[in-house]
Amino acid sequence: MKLFLSADIEGTAGIDTWDETELGEGKYTYFASQMTKEVSAAIEGAEMSGYETTVKDAHDSARNLDPAGLPMSARLIRGWIRDLWCMMGGLDREPYDAVAFTGYHSDALSDGNPLSHTMTTSVQRVMINGERASEFVINAYMAGYLGIPVVFLSGDEALCRSAEAMVPGILTVASKTGMGSAVMSRHPAVVCEDIKRTMQKALDSLKDPDKRAACMVRMPAHFEISVEYKDWNTAHKYSYYPGAVTVDAKTLSFASDDYYEIMRFMHFCL
């Protein structure tokens, strides 16, 4: 059995400011190490359930995880493939039995994380079918497009609650709670232990057909994405994407029945 794990950093336990996410900055090394520990805990939980894990390093340079710090059974995709799958790069390359996420964060309009954003900090909001879209939502639909159940998420508490509303069968671990420009976090070792235990439970639950069905992402028959940029110049630039509709000076929309076309729009316009 094979698990695909997409790993971000802004939902890592304790992380609070942008410089802590950026290669070369003061506290980055510590939080990259914690990101690696949380991913390792997820892999260990998957191993206990009989799964092999492929990890996509999905933050910024995509070179944040310490390869030697991961369990020896894991495979790691570093760097960007530069295809439409983005943070899920590699998911379409071979069959996977389940998808999971670690270190994920709330969407651009949320106050659930001081580092809330959606794909880029140049965007004010992203909506899909009238609902706020986090990176989890965008990537969960990619799993749904391929018919792969989404079983686990770790990240800030607000994102965990929204993920549970979208995918009723998903199991989550809240690494921290946003409090304005601050966060309240449990001890990082406790978070890792919780991730390990919950990942095993999530994958074990797939043996139950009803629980597996509850982890399948429901794909709408039609998708409409709208993107509000912070700068009208950016909206003007991307308004030339084929099929893009200018809603106002800072907002574009795009619609399709095929989520792959939504992914194509995001690839060029986010």
# chains A, B, ... in the order shown; residues from 1 in each chain; ligands from 1
$ closest_atom_pairs --of "region 5-26 of chain A" --to "region 31-45 of chain A" --cutoff "10 Å" --atoms "only C-alpha atoms" --output "CSV"
residue,atom,partner,partner_atom,distance
A:Leu5,CA,A:Val39,CA,8.3
A:Ser6,CA,A:Val39,CA,9.1
A:Ala7,CA,A:Val39,CA,7.0
A:Asp8,CA,A:Met35,CA,7.8
A:Ile9,CA,A:Met35,CA,6.1
A:Glu10,CA,A:Met35,CA,9.2
A:Gly11,CA,A:Met35,CA,8.9
A:Thr12,CA,A:Met35,CA,6.0
A:Ala13,CA,A:Gln34,CA,7.5
A:Gly14,CA,A:Phe31,CA,8.2
A:Ile15,CA,A:Phe31,CA,6.8
A:Glu20,CA,A:Phe31,CA,6.7
A:Thr21,CA,A:Phe31,CA,7.3
A:Glu22,CA,A:Ala32,CA,9.3
A:Leu23,CA,A:Ala32,CA,8.8
$ residues_around --residues "Leu3 (chain A)" --least-positions-apart "6" --cutoff "8 Å" --atoms "only C-alpha atoms" --output "JSON, numbers by chain"
{"A": [46, 51, 52, 53, 54, 96, 97, 98, 99, 100]}
$ atom_distance --atom1 "CA of Val137 (chain A)" --atom2 "CA of Asp210 (chain A)"
21.9 Å
$ atom_distance --atom1 "CA of Pro95 (chain A)" --atom2 "CA of Val55 (chain A)"
14.2 Å
$ residues_around --residues "region 167-171 of chain A" --least-positions-apart "5" --cutoff "10 Å" --atoms "only C-alpha atoms" --output "VMD selection string"
chain A and resid 100 137 140 149 to 154 160 162 195 198 to 199 201 to 203 205 to 206 210 to 218
$ closest_residue --among "A:Glu94, A:Asp57, A:Asp66, A:Asp83" --to "Met266 (chain A)" --atoms "only C-alpha atoms"
A:Asp83
$ residues_around --residues "Leu146 (chain A)" --least-positions-apart "4" --cutoff "9 Å" --atoms "only C-alpha atoms" --output "list in words"
Leu91, Asp92, Tyr141 and Met142 of chain A
$ write_last_selection --atoms "N, CA, C and O atoms" --output "short mmCIF file (atom, residue, chain, number, x, y, z; two decimals), in the first residue's frame"
data_model
loop_
_atom_site.label_atom_id
_atom_site.label_comp_id
_atom_site.auth_asym_id
_atom_site.auth_seq_id
_atom_site.Cartn_x
_atom_site.Cartn_y
_atom_site.Cartn_z
N LEU A 91 2.01 12.95 -7.71
CA LEU A 91 0.83 12.16 -7.36
C LEU A 91 0.29 11.40 -8.56
O LEU A 91 -0.26 10.30 -8.41
N ASP A 92 0.46 11.95 -9.75
CA ASP A 92 -0.08 11.33 -10.96
C ASP A 92 0.89 10.36 -11.62
O ASP A 92 0.55 9.74 -12.64
N TYR A 141 -8.82 18.42 -3.81
CA TYR A 141 -9.53 18.21 -5.08
C TYR A 141 -8.65 17.48 -6.10
O TYR A 141 -9.16 16.72 -6.92
N MET A 142 -7.34 17.70 -6.04
CA MET A 142 -6.44 16.95 -6.93
C MET A 142 -6.49 15.46 -6.60
O MET A 142 -6.50 14.61 -7.50
#
$ residues_around --residues "Arg125 (chain A)" --least-positions-apart "2" --cutoff "12 Å" --atoms "only C-alpha atoms" --output "count of residues only"
32
$ residues_around --residues "region 257-263 of chain A" --least-positions-apart "5" --cutoff "10 Å" --atoms "only C-alpha atoms" --output "PDB file with N, CA, C and O atoms, in the first residue's frame"
ATOM      1  N   ASP A  83       4.966  21.128 -13.047  1.00  0.00           N
ATOM      2  CA  ASP A  83       3.774  20.734 -13.778  1.00  0.00           C
ATOM      3  C   ASP A  83       2.545  21.250 -13.038  1.00  0.00           C
ATOM      4  O   ASP A  83       2.660  21.999 -12.059  1.00  0.00           O
ATOM      5  N   LEU A  84       1.354  20.859 -13.477  1.00  0.00           N
ATOM      6  CA  LEU A  84       0.125  21.409 -12.912  1.00  0.00           C
ATOM      7  C   LEU A  84      -0.156  20.919 -11.501  1.00  0.00           C
ATOM      8  O   LEU A  84      -0.989  21.520 -10.801  1.00  0.00           O
ATOM      9  N   TRP A  85       0.540  19.878 -11.036  1.00  0.00           N
ATOM     10  CA  TRP A  85       0.225  19.284  -9.742  1.00  0.00           C
ATOM     11  C   TRP A  85       0.865  20.031  -8.577  1.00  0.00           C
ATOM     12  O   TRP A  85       0.452  19.854  -7.434  1.00  0.00           O
ATOM     13  N   CYS A  86       1.861  20.864  -8.858  1.00  0.00           N
ATOM     14  CA  CYS A  86       2.425  21.797  -7.875  1.00  0.00           C
ATOM     15  C   CYS A  86       2.778  21.108  -6.546  1.00  0.00           C
ATOM     16  O   CYS A  86       3.668  20.273  -6.502  1.00  0.00           O
ATOM     17  N   ILE A 128     -13.495  28.865  -4.523  1.00  0.00           N
ATOM     18  CA  ILE A 128     -13.920  27.825  -5.465  1.00  0.00           C
ATOM     19  C   ILE A 128     -15.383  27.532  -5.194  1.00  0.00           C
ATOM     20  O   ILE A 128     -15.756  27.166  -4.075  1.00  0.00           O
ATOM     21  N   ILE A 138      -7.516  23.065  -2.449  1.00  0.00           N
ATOM     22  CA  ILE A 138      -7.007  22.952  -3.820  1.00  0.00           C
ATOM     23  C   ILE A 138      -6.388  21.580  -4.052  1.00  0.00           C
ATOM     24  O   ILE A 138      -6.649  20.924  -5.076  1.00  0.00           O
ATOM     25  N   ASN A 139      -5.587  21.118  -3.099  1.00  0.00           N
ATOM     26  CA  ASN A 139      -4.864  19.860  -3.272  1.00  0.00           C
ATOM     27  C   ASN A 139      -5.722  18.631  -2.977  1.00  0.00           C
ATOM     28  O   ASN A 139      -5.513  17.563  -3.568  1.00  0.00           O
ATOM     29  N   TYR A 141      -8.821  18.424  -3.811  1.00  0.00           N
ATOM     30  CA  TYR A 141      -9.530  18.211  -5.081  1.00  0.00           C
ATOM     31  C   TYR A 141      -8.649  17.479  -6.095  1.00  0.00           C
ATOM     32  O   TYR A 141      -9.156  16.718  -6.924  1.00  0.00           O
ATOM     33  N   MET A 142      -7.336  17.697  -6.039  1.00  0.00           N
ATOM     34  CA  MET A 142      -6.443  16.952  -6.927  1.00  0.00           C
ATOM     35  C   MET A 142      -6.492  15.459  -6.601  1.00  0.00           C
ATOM     36  O   MET A 142      -6.503  14.614  -7.504  1.00  0.00           O
ATOM     37  N   GLY A 144      -9.049  13.997  -5.186  1.00  0.00           N
ATOM     38  CA  GLY A 144     -10.378  13.584  -5.626  1.00  0.00           C
ATOM     39  C   GLY A 144     -10.440  13.366  -7.123  1.00  0.00           C
ATOM     40  O   GLY A 144     -11.124  12.448  -7.598  1.00  0.00           O
ATOM     41  N   TYR A 145      -9.735  14.175  -7.867  1.00  0.00           N
ATOM     42  CA  TYR A 145      -9.694  14.050  -9.336  1.00  0.00           C
ATOM     43  C   TYR A 145      -9.174  12.676  -9.752  1.00  0.00           C
ATOM     44  O   TYR A 145      -9.624  12.094 -10.740  1.00  0.00           O
ATOM     45  N   MET A 219     -16.397  15.491  -5.840  1.00  0.00           N
ATOM     46  CA  MET A 219     -16.028  16.397  -6.922  1.00  0.00           C
ATOM     47  C   MET A 219     -17.278  17.033  -7.526  1.00  0.00           C
ATOM     48  O   MET A 219     -18.147  16.324  -8.052  1.00  0.00           O
ATOM     49  N   PRO A 220     -17.396  18.363  -7.463  1.00  0.00           N
ATOM     50  CA  PRO A 220     -18.542  19.038  -8.078  1.00  0.00           C
ATOM     51  C   PRO A 220     -18.597  18.783  -9.580  1.00  0.00           C
ATOM     52  O   PRO A 220     -17.572  18.512 -10.225  1.00  0.00           O
ATOM     53  N   ALA A 221     -19.786  18.892 -10.134  1.00  0.00           N
ATOM     54  CA  ALA A 221     -19.941  18.725 -11.580  1.00  0.00           C
ATOM     55  C   ALA A 221     -19.381  19.919 -12.340  1.00  0.00           C
ATOM     56  O   ALA A 221     -19.047  19.813 -13.530  1.00  0.00           O
ATOM     57  N   HIS A 222     -19.264  21.059 -11.660  1.00  0.00           N
ATOM     58  CA  HIS A 222     -18.785  22.284 -12.302  1.00  0.00           C
ATOM     59  C   HIS A 222     -17.955  23.082 -11.291  1.00  0.00           C
ATOM     60  O   HIS A 222     -18.288  23.124 -10.102  1.00  0.00           O
ATOM     61  N   PHE A 223     -16.869  23.674 -11.763  1.00  0.00           N
ATOM     62  CA  PHE A 223     -15.995  24.465 -10.898  1.00  0.00           C
ATOM     63  C   PHE A 223     -15.921  25.904 -11.403  1.00  0.00           C
ATOM     64  O   PHE A 223     -15.763  26.136 -12.610  1.00  0.00           O
ATOM     65  N   GLU A 224     -16.025  26.838 -10.475  1.00  0.00           N
ATOM     66  CA  GLU A 224     -15.734  28.229 -10.785  1.00  0.00           C
ATOM     67  C   GLU A 224     -14.774  28.760  -9.725  1.00  0.00           C
ATOM     68  O   GLU A 224     -15.077  28.748  -8.538  1.00  0.00           O
ATOM     69  N   ILE A 225     -13.614  29.187 -10.168  1.00  0.00           N
ATOM     70  CA  ILE A 225     -12.612  29.742  -9.264  1.00  0.00           C
ATOM     71  C   ILE A 225     -12.534  31.245  -9.466  1.00  0.00           C
ATOM     72  O   ILE A 225     -12.597  31.727 -10.602  1.00  0.00           O
ATOM     73  N   PHE A 268      -0.843  28.979 -14.007  1.00  0.00           N
ATOM     74  CA  PHE A 268      -0.374  30.177 -14.697  1.00  0.00           C
ATOM     75  C   PHE A 268      -0.790  31.477 -14.008  1.00  0.00           C
ATOM     76  O   PHE A 268      -0.190  32.533 -14.253  1.00  0.00           O
ATOM     77  N   CYS A 269      -1.820  31.441 -13.152  1.00  0.00           N
ATOM     78  CA  CYS A 269      -2.389  32.681 -12.622  1.00  0.00           C
ATOM     79  C   CYS A 269      -2.311  32.818 -11.094  1.00  0.00           C
ATOM     80  O   CYS A 269      -2.764  33.809 -10.546  1.00  0.00           O
ATOM     81  N   LEU A 270      -1.750  31.821 -10.405  1.00  0.00           N
ATOM     82  CA  LEU A 270      -1.518  31.934  -8.965  1.00  0.00           C
ATOM     83  C   LEU A 270      -0.023  31.862  -8.649  1.00  0.00           C
ATOM     84  O   LEU A 270       0.697  31.109  -9.284  1.00  0.00           O
TER      85      LEU A 270
END
$ atom_distance --atom1 "CA of Ala158 (chain A)" --atom2 "CA of Gly112 (chain A)"
5.0 Å
$ residues_around --residues "Trp80 (chain A)" --least-positions-apart "6" --cutoff "12 Å" --atoms "only C-alpha atoms" --output "ChimeraX atom specification"
/A:56-63,86-90
$ write_last_selection --atoms "all heavy atoms" --output "PDB file, in the first residue's frame"
ATOM      1  N   LYS A  56       6.240  14.664  -0.713  1.00  0.00           N
ATOM      2  CA  LYS A  56       6.530  15.833  -1.556  1.00  0.00           C
ATOM      3  C   LYS A  56       6.831  17.008  -0.645  1.00  0.00           C
ATOM      4  O   LYS A  56       5.968  17.486   0.084  1.00  0.00           O
ATOM      5  CB  LYS A  56       5.330  16.178  -2.446  1.00  0.00           C
ATOM      6  CG  LYS A  56       5.540  17.475  -3.258  1.00  0.00           C
ATOM      7  CD  LYS A  56       6.614  17.286  -4.303  1.00  0.00           C
ATOM      8  CE  LYS A  56       6.980  18.612  -4.979  1.00  0.00           C
ATOM      9  NZ  LYS A  56       8.001  19.366  -4.230  1.00  0.00           N
ATOM     10  N   ASP A  57       8.082  17.464  -0.646  1.00  0.00           N
ATOM     11  CA  ASP A  57       8.433  18.708   0.043  1.00  0.00           C
ATOM     12  C   ASP A  57       7.750  19.829  -0.733  1.00  0.00           C
ATOM     13  O   ASP A  57       8.069  20.076  -1.902  1.00  0.00           O
ATOM     14  CB  ASP A  57       9.955  18.882   0.043  1.00  0.00           C
ATOM     15  CG  ASP A  57      10.427  20.019   0.934  1.00  0.00           C
ATOM     16  OD1 ASP A  57       9.715  21.041   1.020  1.00  0.00           O
ATOM     17  OD2 ASP A  57      11.509  19.909   1.526  1.00  0.00           O
ATOM     18  N   ALA A  58       6.808  20.517  -0.094  1.00  0.00           N
ATOM     19  CA  ALA A  58       5.906  21.405  -0.827  1.00  0.00           C
ATOM     20  C   ALA A  58       5.946  22.851  -0.343  1.00  0.00           C
ATOM     21  O   ALA A  58       5.005  23.608  -0.557  1.00  0.00           O
ATOM     22  CB  ALA A  58       4.473  20.872  -0.753  1.00  0.00           C
ATOM     23  N   HIS A  59       7.043  23.244   0.298  1.00  0.00           N
ATOM     24  CA  HIS A  59       7.150  24.628   0.763  1.00  0.00           C
ATOM     25  C   HIS A  59       8.258  25.372   0.030  1.00  0.00           C
ATOM     26  O   HIS A  59       9.396  24.897  -0.040  1.00  0.00           O
ATOM     27  CB  HIS A  59       7.428  24.671   2.267  1.00  0.00           C
ATOM     28  CG  HIS A  59       7.761  26.047   2.759  1.00  0.00           C
ATOM     29  ND1 HIS A  59       6.841  27.067   2.786  1.00  0.00           N
ATOM     30  CD2 HIS A  59       8.931  26.585   3.214  1.00  0.00           C
ATOM     31  CE1 HIS A  59       7.423  28.173   3.246  1.00  0.00           C
ATOM     32  NE2 HIS A  59       8.689  27.904   3.504  1.00  0.00           N
ATOM     33  N   ASP A  60       7.928  26.536  -0.529  1.00  0.00           N
ATOM     34  CA  ASP A  60       8.890  27.501  -1.060  1.00  0.00           C
ATOM     35  C   ASP A  60       9.885  26.853  -2.019  1.00  0.00           C
ATOM     36  O   ASP A  60       9.531  26.514  -3.138  1.00  0.00           O
ATOM     37  CB  ASP A  60       9.587  28.206   0.104  1.00  0.00           C
ATOM     38  CG  ASP A  60      10.332  29.446  -0.329  1.00  0.00           C
ATOM     39  OD1 ASP A  60       9.895  30.091  -1.301  1.00  0.00           O
ATOM     40  OD2 ASP A  60      11.364  29.783   0.296  1.00  0.00           O
ATOM     41  N   SER A  61      11.139  26.645  -1.605  1.00  0.00           N
ATOM     42  CA  SER A  61      12.153  26.054  -2.476  1.00  0.00           C
ATOM     43  C   SER A  61      11.915  24.570  -2.718  1.00  0.00           C
ATOM     44  O   SER A  61      12.526  23.979  -3.612  1.00  0.00           O
ATOM     45  CB  SER A  61      13.554  26.225  -1.861  1.00  0.00           C
ATOM     46  OG  SER A  61      13.659  25.459  -0.668  1.00  0.00           O
ATOM     47  N   ALA A  62      11.042  23.957  -1.919  1.00  0.00           N
ATOM     48  CA  ALA A  62      10.812  22.503  -1.923  1.00  0.00           C
ATOM     49  C   ALA A  62      12.085  21.747  -1.559  1.00  0.00           C
ATOM     50  O   ALA A  62      12.296  20.608  -1.959  1.00  0.00           O
ATOM     51  CB  ALA A  62      10.266  22.031  -3.273  1.00  0.00           C
ATOM     52  N   ARG A  63      12.928  22.397  -0.753  1.00  0.00           N
ATOM     53  CA  ARG A  63      14.176  21.792  -0.276  1.00  0.00           C
ATOM     54  C   ARG A  63      14.348  22.092   1.209  1.00  0.00           C
ATOM     55  O   ARG A  63      15.388  22.578   1.651  1.00  0.00           O
ATOM     56  CB  ARG A  63      15.364  22.344  -1.087  1.00  0.00           C
ATOM     57  CG  ARG A  63      15.353  21.916  -2.546  1.00  0.00           C
ATOM     58  CD  ARG A  63      16.532  22.457  -3.347  1.00  0.00           C
ATOM     59  NE  ARG A  63      16.395  23.900  -3.580  1.00  0.00           N
ATOM     60  CZ  ARG A  63      17.175  24.828  -3.047  1.00  0.00           C
ATOM     61  NH1 ARG A  63      18.136  24.491  -2.197  1.00  0.00           N
ATOM     62  NH2 ARG A  63      17.012  26.104  -3.333  1.00  0.00           N
ATOM     63  N   CYS A  86       1.861  20.864  -8.858  1.00  0.00           N
ATOM     64  CA  CYS A  86       2.425  21.797  -7.875  1.00  0.00           C
ATOM     65  C   CYS A  86       2.778  21.108  -6.546  1.00  0.00           C
ATOM     66  O   CYS A  86       3.668  20.273  -6.502  1.00  0.00           O
ATOM     67  CB  CYS A  86       1.464  22.964  -7.666  1.00  0.00           C
ATOM     68  SG  CYS A  86       2.194  24.384  -6.803  1.00  0.00           S
ATOM     69  N   MET A  87       2.063  21.446  -5.454  1.00  0.00           N
ATOM     70  CA  MET A  87       2.360  20.887  -4.132  1.00  0.00           C
ATOM     71  C   MET A  87       2.066  19.386  -4.063  1.00  0.00           C
ATOM     72  O   MET A  87       2.443  18.723  -3.088  1.00  0.00           O
ATOM     73  CB  MET A  87       1.552  21.613  -3.056  1.00  0.00           C
ATOM     74  CG  MET A  87       1.899  23.086  -2.914  1.00  0.00           C
ATOM     75  SD  MET A  87       0.824  23.950  -1.736  1.00  0.00           S
ATOM     76  CE  MET A  87       1.499  23.350  -0.171  1.00  0.00           C
ATOM     77  N   MET A  88       1.416  18.866  -5.074  1.00  0.00           N
ATOM     78  CA  MET A  88       1.109  17.433  -5.158  1.00  0.00           C
ATOM     79  C   MET A  88       1.931  16.775  -6.258  1.00  0.00           C
ATOM     80  O   MET A  88       1.599  15.692  -6.749  1.00  0.00           O
ATOM     81  CB  MET A  88      -0.383  17.229  -5.425  1.00  0.00           C
ATOM     82  CG  MET A  88      -1.296  17.892  -4.416  1.00  0.00           C
ATOM     83  SD  MET A  88      -1.172  17.170  -2.774  1.00  0.00           S
ATOM     84  CE  MET A  88      -2.250  15.750  -2.978  1.00  0.00           C
ATOM     85  N   GLY A  89       3.023  17.429  -6.640  1.00  0.00           N
ATOM     86  CA  GLY A  89       3.839  16.927  -7.739  1.00  0.00           C
ATOM     87  C   GLY A  89       4.288  15.489  -7.539  1.00  0.00           C
ATOM     88  O   GLY A  89       4.907  15.162  -6.521  1.00  0.00           O
ATOM     89  N   GLY A  90       3.985  14.637  -8.488  1.00  0.00           N
ATOM     90  CA  GLY A  90       4.311  13.219  -8.416  1.00  0.00           C
ATOM     91  C   GLY A  90       3.115  12.342  -8.146  1.00  0.00           C
ATOM     92  O   GLY A  90       3.170  11.122  -8.342  1.00  0.00           O
TER      93      GLY A  90
END
$ select_by_dssp --residues "region 78-223 of chain A" --states "strand (DSSP E)" --output "number ranges by chain"
A: 98-104, 123-128, 131-132, 150-156, 171-179, 182-185, 223
$ write_last_selection --atoms "N, CA, C and O atoms" --output "compact mmCIF listing (two decimals), in the first residue's frame"
# COMPACT_ATOMS: atom_id res chain seq x y z
N ALA A 98 -3.68 6.33 -0.76
CA ALA A 98 -4.17 7.33 0.18
C ALA A 98 -3.30 8.58 0.06
O ALA A 98 -2.14 8.52 -0.37
N VAL A 99 -3.89 9.71 0.47
CA VAL A 99 -3.20 11.01 0.47
C VAL A 99 -3.28 11.61 1.86
O VAL A 99 -4.31 11.49 2.54
N ALA A 100 -2.20 12.26 2.29
CA ALA A 100 -2.16 12.93 3.59
C ALA A 100 -1.38 14.23 3.48
O ALA A 100 -0.63 14.44 2.51
N PHE A 101 -1.55 15.08 4.49
CA PHE A 101 -0.90 16.40 4.49
C PHE A 101 -0.35 16.68 5.88
O PHE A 101 -1.01 16.40 6.88
N THR A 102 0.84 17.29 5.94
CA THR A 102 1.38 17.76 7.22
C THR A 102 1.82 19.21 7.07
O THR A 102 2.21 19.66 5.99
N GLY A 103 1.75 19.95 8.20
CA GLY A 103 2.25 21.32 8.23
C GLY A 103 1.45 22.31 7.42
O GLY A 103 1.96 23.38 7.08
N TYR A 104 0.19 22.00 7.14
CA TYR A 104 -0.63 22.88 6.31
C TYR A 104 -1.24 24.01 7.14
O TYR A 104 -1.25 23.96 8.37
N VAL A 123 -2.00 37.29 -3.22
CA VAL A 123 -3.44 37.07 -3.42
C VAL A 123 -4.20 37.40 -2.13
O VAL A 123 -3.80 36.99 -1.04
N GLN A 124 -5.30 38.13 -2.27
CA GLN A 124 -6.14 38.48 -1.13
C GLN A 124 -7.08 37.35 -0.75
O GLN A 124 -7.32 37.09 0.42
N ARG A 125 -7.62 36.67 -1.77
CA ARG A 125 -8.53 35.55 -1.51
C ARG A 125 -8.63 34.68 -2.75
O ARG A 125 -8.46 35.15 -3.88
N VAL A 126 -8.91 33.40 -2.52
CA VAL A 126 -9.21 32.44 -3.58
C VAL A 126 -10.51 31.75 -3.19
O VAL A 126 -10.63 31.24 -2.07
N MET A 127 -11.45 31.71 -4.12
CA MET A 127 -12.74 31.07 -3.87
C MET A 127 -12.97 29.99 -4.93
O MET A 127 -12.65 30.20 -6.11
N ILE A 128 -13.50 28.86 -4.52
CA ILE A 128 -13.92 27.83 -5.46
C ILE A 128 -15.38 27.53 -5.19
O ILE A 128 -15.76 27.17 -4.08
N GLU A 131 -16.85 29.16 -2.11
CA GLU A 131 -16.28 28.83 -0.80
C GLU A 131 -14.80 29.19 -0.78
O GLU A 131 -14.09 29.02 -1.77
N ARG A 132 -14.34 29.67 0.38
CA ARG A 132 -12.92 29.99 0.52
C ARG A 132 -12.07 28.76 0.28
O ARG A 132 -12.38 27.68 0.78
N VAL A 150 -8.54 10.97 0.93
CA VAL A 150 -7.74 11.90 1.73
C VAL A 150 -7.97 11.56 3.19
O VAL A 150 -9.08 11.72 3.70
N VAL A 151 -6.92 11.09 3.87
CA VAL A 151 -7.13 10.45 5.17
C VAL A 151 -6.63 11.23 6.37
O VAL A 151 -7.10 11.04 7.50
N PHE A 152 -5.66 12.13 6.16
CA PHE A 152 -5.00 12.76 7.32
C PHE A 152 -4.53 14.16 6.99
O PHE A 152 -4.08 14.45 5.87
N LEU A 153 -4.59 15.04 8.01
CA LEU A 153 -4.07 16.40 7.91
C LEU A 153 -3.54 16.84 9.26
O LEU A 153 -4.18 16.63 10.29
N SER A 154 -2.37 17.48 9.28
CA SER A 154 -1.92 18.22 10.46
C SER A 154 -1.67 19.66 10.05
O SER A 154 -1.27 19.95 8.92
N GLY A 155 -1.93 20.57 11.00
CA GLY A 155 -1.77 21.99 10.73
C GLY A 155 -2.49 22.79 11.79
O GLY A 155 -2.83 22.26 12.85
N ASP A 156 -2.75 24.06 11.50
CA ASP A 156 -3.41 24.88 12.51
C ASP A 156 -4.86 24.43 12.73
O ASP A 156 -5.48 23.81 11.87
N LEU A 171 -8.96 12.35 9.46
CA LEU A 171 -8.51 12.54 10.84
C LEU A 171 -7.45 13.63 10.85
O LEU A 171 -6.61 13.70 9.94
N THR A 172 -7.48 14.49 11.86
CA THR A 172 -6.60 15.65 11.89
C THR A 172 -5.86 15.76 13.22
O THR A 172 -6.31 15.23 14.24
N VAL A 173 -4.74 16.46 13.17
CA VAL A 173 -3.98 16.82 14.36
C VAL A 173 -3.71 18.32 14.30
O VAL A 173 -3.05 18.80 13.36
N ALA A 174 -4.22 19.05 15.28
CA ALA A 174 -3.98 20.49 15.35
C ALA A 174 -2.63 20.74 16.03
O ALA A 174 -2.44 20.40 17.19
N SER A 175 -1.71 21.33 15.30
CA SER A 175 -0.37 21.60 15.83
C SER A 175 -0.34 22.86 16.66
O SER A 175 0.52 23.01 17.54
N LYS A 176 -1.27 23.78 16.37
CA LYS A 176 -1.27 25.07 17.05
C LYS A 176 -2.60 25.77 16.80
O LYS A 176 -3.38 25.37 15.94
N THR A 177 -2.84 26.84 17.56
CA THR A 177 -4.03 27.67 17.40
C THR A 177 -3.60 29.11 17.20
O THR A 177 -2.80 29.64 17.99
N GLY A 178 -4.10 29.75 16.14
CA GLY A 178 -3.77 31.14 15.90
C GLY A 178 -4.47 32.05 16.90
O GLY A 178 -5.64 31.85 17.22
N MET A 179 -3.74 33.05 17.37
CA MET A 179 -4.28 34.03 18.32
C MET A 179 -3.79 35.40 17.87
O MET A 179 -2.78 35.91 18.35
N ALA A 182 -0.13 35.90 17.11
CA ALA A 182 0.57 34.91 17.94
C ALA A 182 -0.02 33.52 17.69
O ALA A 182 -1.06 33.37 17.04
N VAL A 183 0.66 32.51 18.22
CA VAL A 183 0.12 31.15 18.18
C VAL A 183 0.29 30.50 19.56
O VAL A 183 1.21 30.83 20.30
N MET A 184 -0.63 29.60 19.86
CA MET A 184 -0.50 28.77 21.05
C MET A 184 -0.30 27.34 20.58
O MET A 184 -1.13 26.81 19.83
N SER A 185 0.79 26.73 21.00
CA SER A 185 1.14 25.40 20.52
C SER A 185 1.38 24.44 21.67
O SER A 185 1.83 24.85 22.75
N PHE A 223 -16.87 23.67 -11.76
CA PHE A 223 -16.00 24.46 -10.90
C PHE A 223 -15.92 25.90 -11.40
O PHE A 223 -15.76 26.14 -12.61
$ select_by_dssp --residues "region 27-259 of chain A" --states "alpha helix (DSSP H)" --output "JSON, numbers by chain"
{"A": [28, 29, 30, 31, 32, 33, 34, 35, 36, 37, 38, 39, 40, 41, 42, 43, 44, 45, 46, 47, 48, 135, 136, 137, 138, 139, 140, 141, 142, 143, 144, 145, 157, 158, 159, 160, 161, 162, 163, 164, 165, 166, 188, 189, 190, 191, 192, 193, 194, 195, 196, 197, 198, 199, 200, 201, 202, 203, 204, 209, 210, 211, 212, 213, 214, 232, 233, 234, 235, 236, 237, 238, 259]}
$ closest_residue --among "A:Leu76, A:Pro242, A:Thr17, A:Trp232" --to "Ala255 (chain A)" --atoms "only C-alpha atoms"
A:Pro242
